[in-house]
Amino acid sequence: MTEARIITMKTAVDFDKMAIAGAAVAAVHQGVRNAAHPGVTTAELDRVAADVLKQHGCRPSFLGYHGFPATICTSPNNSIVHGIPGKYRLAEGDVLSVDAGAIYEGWHADAAFTMAIGKISGKARELIEVTEAALWDGLVHARAGNRLGDIGHAIESRALPLHYGVVREYIGHGIGRQMHEAPNVPNYGNPGSGLKLKIGMALAIEPMFNLGTEETRLLDDGWTVVTSDGAISAHFEHTVAVTEEGPLVLTLPEPELL
Ligand code: MG
């Protein structure tokens with residue numbers, strides 16, 4: 001999930017507990033991937049996610065967050081983020097973004113991915129692949145001594161040659177005891193600028209790239225963010241810890257050091 005506002009300042013972070021929450025999020029991703037086929041509703045995917053979190057001893061970060069009514073966000077096609085699972089039935093050719101957050105003993109992890117439902121266009125496939133590559137470009141910069149602008153610059157550098165819209169109104173965030181903490185983590189920036197990263201920080205890095213404009217629009221449900229031109233969008237996110245050894249990606253089945 002994304003947030004532009006700063007909610008709390010960070011305290012000492014328990015990466016071990018966040019990794020347990022992160023493994024639960026990774027399991028949700030796998031469960032939803034396995035279940036997401038043409039004809040399945042996004043509400044059914046939400047039930048899969050809720051079951052997986054329960055099996056992992058975690059609670060959902062999103063359910064009840066400012067009144068959000070579901071366990072995951074499901075954002076098909078021109079939806080960028082924060083889509084509410086419901087009656088929407090997946091169809092061949094859809095591009096579906098899924099965002100999930102988990103809480104384990106008070107510690108959060110947050111991650112998102114985008115997938116093809118059946119056969120999709122070459123342009124859509126490329127958008128998905130490039131957005132995921134941009135996420136990993138950002139993650140490797142989550143090192144002590146680097147700055148937030150290094151992360152943002154690495155991410156947008158993937159999008160600019162392809163003339164993708166880089167969403168600016170929704171961005172990544174610090175994470176820990178709250179899902180959304182300081183600092184804001186934009187998907188754009190100048191190398192060497194912005195807050196200096198320190199050991200002990202945890203960030204949710206989450207590029208959102210569009211096949212058209214970067215401009216967004218909020219639907220009447222108060223949650224779903226769509227592209228203002230109707231073009232499709234992709235979103236990838238991991239939670240990463242800044243450690244002495246380097247960036248430690250927490251939202252995988254096992255934490256992975258980059
Ligand atoms: Mg997030």
# chains A, B, ... in the order shown; residues from 1 in each chain; ligands from 1
call {"tool": "residues_near_ligand", "arguments": {"ligand": "ligand 1", "cutoff": "8 Å", "atoms": "only C-alpha atoms and all ligand atoms", "output": "PyMOL selection string"}}
result
chain A and resi 1-3+99+101+110-112+171-173+179-180+204-206+237-239
call {"tool": "residues_around", "arguments": {"residues": "Thr114 (chain A)", "least_positions_apart": "5", "cutoff": "10 Å", "atoms": "only C-alpha atoms", "output": "PyMOL selection string"}}
result
chain A and resi 29+33+74-77+95-99+125+127-129+131-132+233-237
call {"tool": "write_last_selection", "arguments": {"atoms": "N, CA and C atoms", "output": "compact mmCIF listing (two decimals), in the first residue's frame"}}
result
# COMPACT_ATOMS: atom_id res chain seq x y z
N HIS A 29 1.27 -13.73 -1.74
CA HIS A 29 1.52 -13.50 -3.17
C HIS A 29 1.43 -14.82 -3.93
N ARG A 33 -1.31 -15.72 -6.75
CA ARG A 33 -0.84 -16.08 -8.11
C ARG A 33 -1.47 -17.40 -8.56
N THR A 74 -6.54 -5.22 -4.88
CA THR A 74 -6.49 -5.83 -6.21
C THR A 74 -6.80 -4.73 -7.23
N SER A 75 -5.85 -4.45 -8.10
CA SER A 75 -5.95 -3.30 -9.00
C SER A 75 -5.73 -3.75 -10.44
N PRO A 76 -6.82 -4.05 -11.16
CA PRO A 76 -6.67 -4.53 -12.53
C PRO A 76 -6.49 -3.39 -13.55
N ASN A 77 -5.67 -3.68 -14.57
CA ASN A 77 -5.57 -2.86 -15.79
C ASN A 77 -5.25 -1.40 -15.51
N VAL A 95 -4.27 -7.28 -16.70
CA VAL A 95 -3.02 -7.05 -15.97
C VAL A 95 -3.44 -6.71 -14.54
N LEU A 96 -3.10 -7.58 -13.59
CA LEU A 96 -3.61 -7.45 -12.23
C LEU A 96 -2.47 -7.13 -11.25
N SER A 97 -2.63 -6.03 -10.52
CA SER A 97 -1.69 -5.71 -9.43
C SER A 97 -2.31 -6.13 -8.10
N VAL A 98 -1.49 -6.74 -7.27
CA VAL A 98 -1.92 -7.25 -5.97
C VAL A 98 -0.97 -6.72 -4.91
N ASP A 99 -1.51 -6.12 -3.87
CA ASP A 99 -0.71 -5.54 -2.79
C ASP A 99 -1.18 -6.19 -1.49
N ARG A 125 3.31 -6.88 -21.19
CA ARG A 125 4.32 -7.76 -20.58
C ARG A 125 5.60 -6.98 -20.29
N LEU A 127 5.86 -3.77 -19.76
CA LEU A 127 5.61 -2.86 -18.63
C LEU A 127 5.79 -3.59 -17.30
N ILE A 128 5.25 -4.80 -17.22
CA ILE A 128 5.37 -5.58 -15.98
C ILE A 128 6.84 -5.88 -15.70
N GLU A 129 7.56 -6.35 -16.71
CA GLU A 129 8.97 -6.73 -16.51
C GLU A 129 9.82 -5.54 -16.13
N THR A 131 8.85 -2.69 -14.70
CA THR A 131 8.51 -2.18 -13.37
C THR A 131 9.15 -3.04 -12.29
N GLU A 132 9.14 -4.36 -12.50
CA GLU A 132 9.78 -5.24 -11.51
C GLU A 132 11.30 -5.00 -11.49
N SER A 233 -1.38 -0.02 -15.88
CA SER A 233 -0.37 0.34 -14.88
C SER A 233 0.18 -0.93 -14.23
N ALA A 234 1.43 -0.86 -13.80
CA ALA A 234 2.04 -1.97 -13.06
C ALA A 234 2.66 -1.45 -11.77
N HIS A 235 2.72 -2.33 -10.76
CA HIS A 235 3.17 -1.94 -9.42
C HIS A 235 3.91 -3.11 -8.79
N PHE A 236 5.14 -2.87 -8.35
CA PHE A 236 5.89 -3.88 -7.60
C PHE A 236 6.43 -3.24 -6.34
N GLU A 237 6.49 -4.03 -5.27
CA GLU A 237 6.93 -3.49 -3.98
C GLU A 237 7.58 -4.60 -3.15
call {"tool": "select_by_dssp", "arguments": {"residues": "region 65-245 of chain A", "states": "strand (DSSP E or B)", "output": "PyMOL selection string"}}
result
chain A and resi 72-76+79-81+89+95-104+107-116+147+165-166+172-174+181-185+196+202-205+208-210+216-218+225-227+233-235+237-243
call {"tool": "select_by_dssp", "arguments": {"residues": "region 76-160 of chain A", "states": "alpha helix (DSSP H)", "output": "ChimeraX atom specification"}}
result
/A:122-139,148-159
call {"tool": "residues_around", "arguments": {"residues": "Gly39 (chain A)", "least_positions_apart": "6", "cutoff": "12 Å", "atoms": "only C-alpha atoms", "output": "list in words"}}
result
Leu45, Lys87, Tyr88, Arg89, Leu90, Ala91, Glu92, Gly93, Asp94, Ile117 and Gly118 of chain A
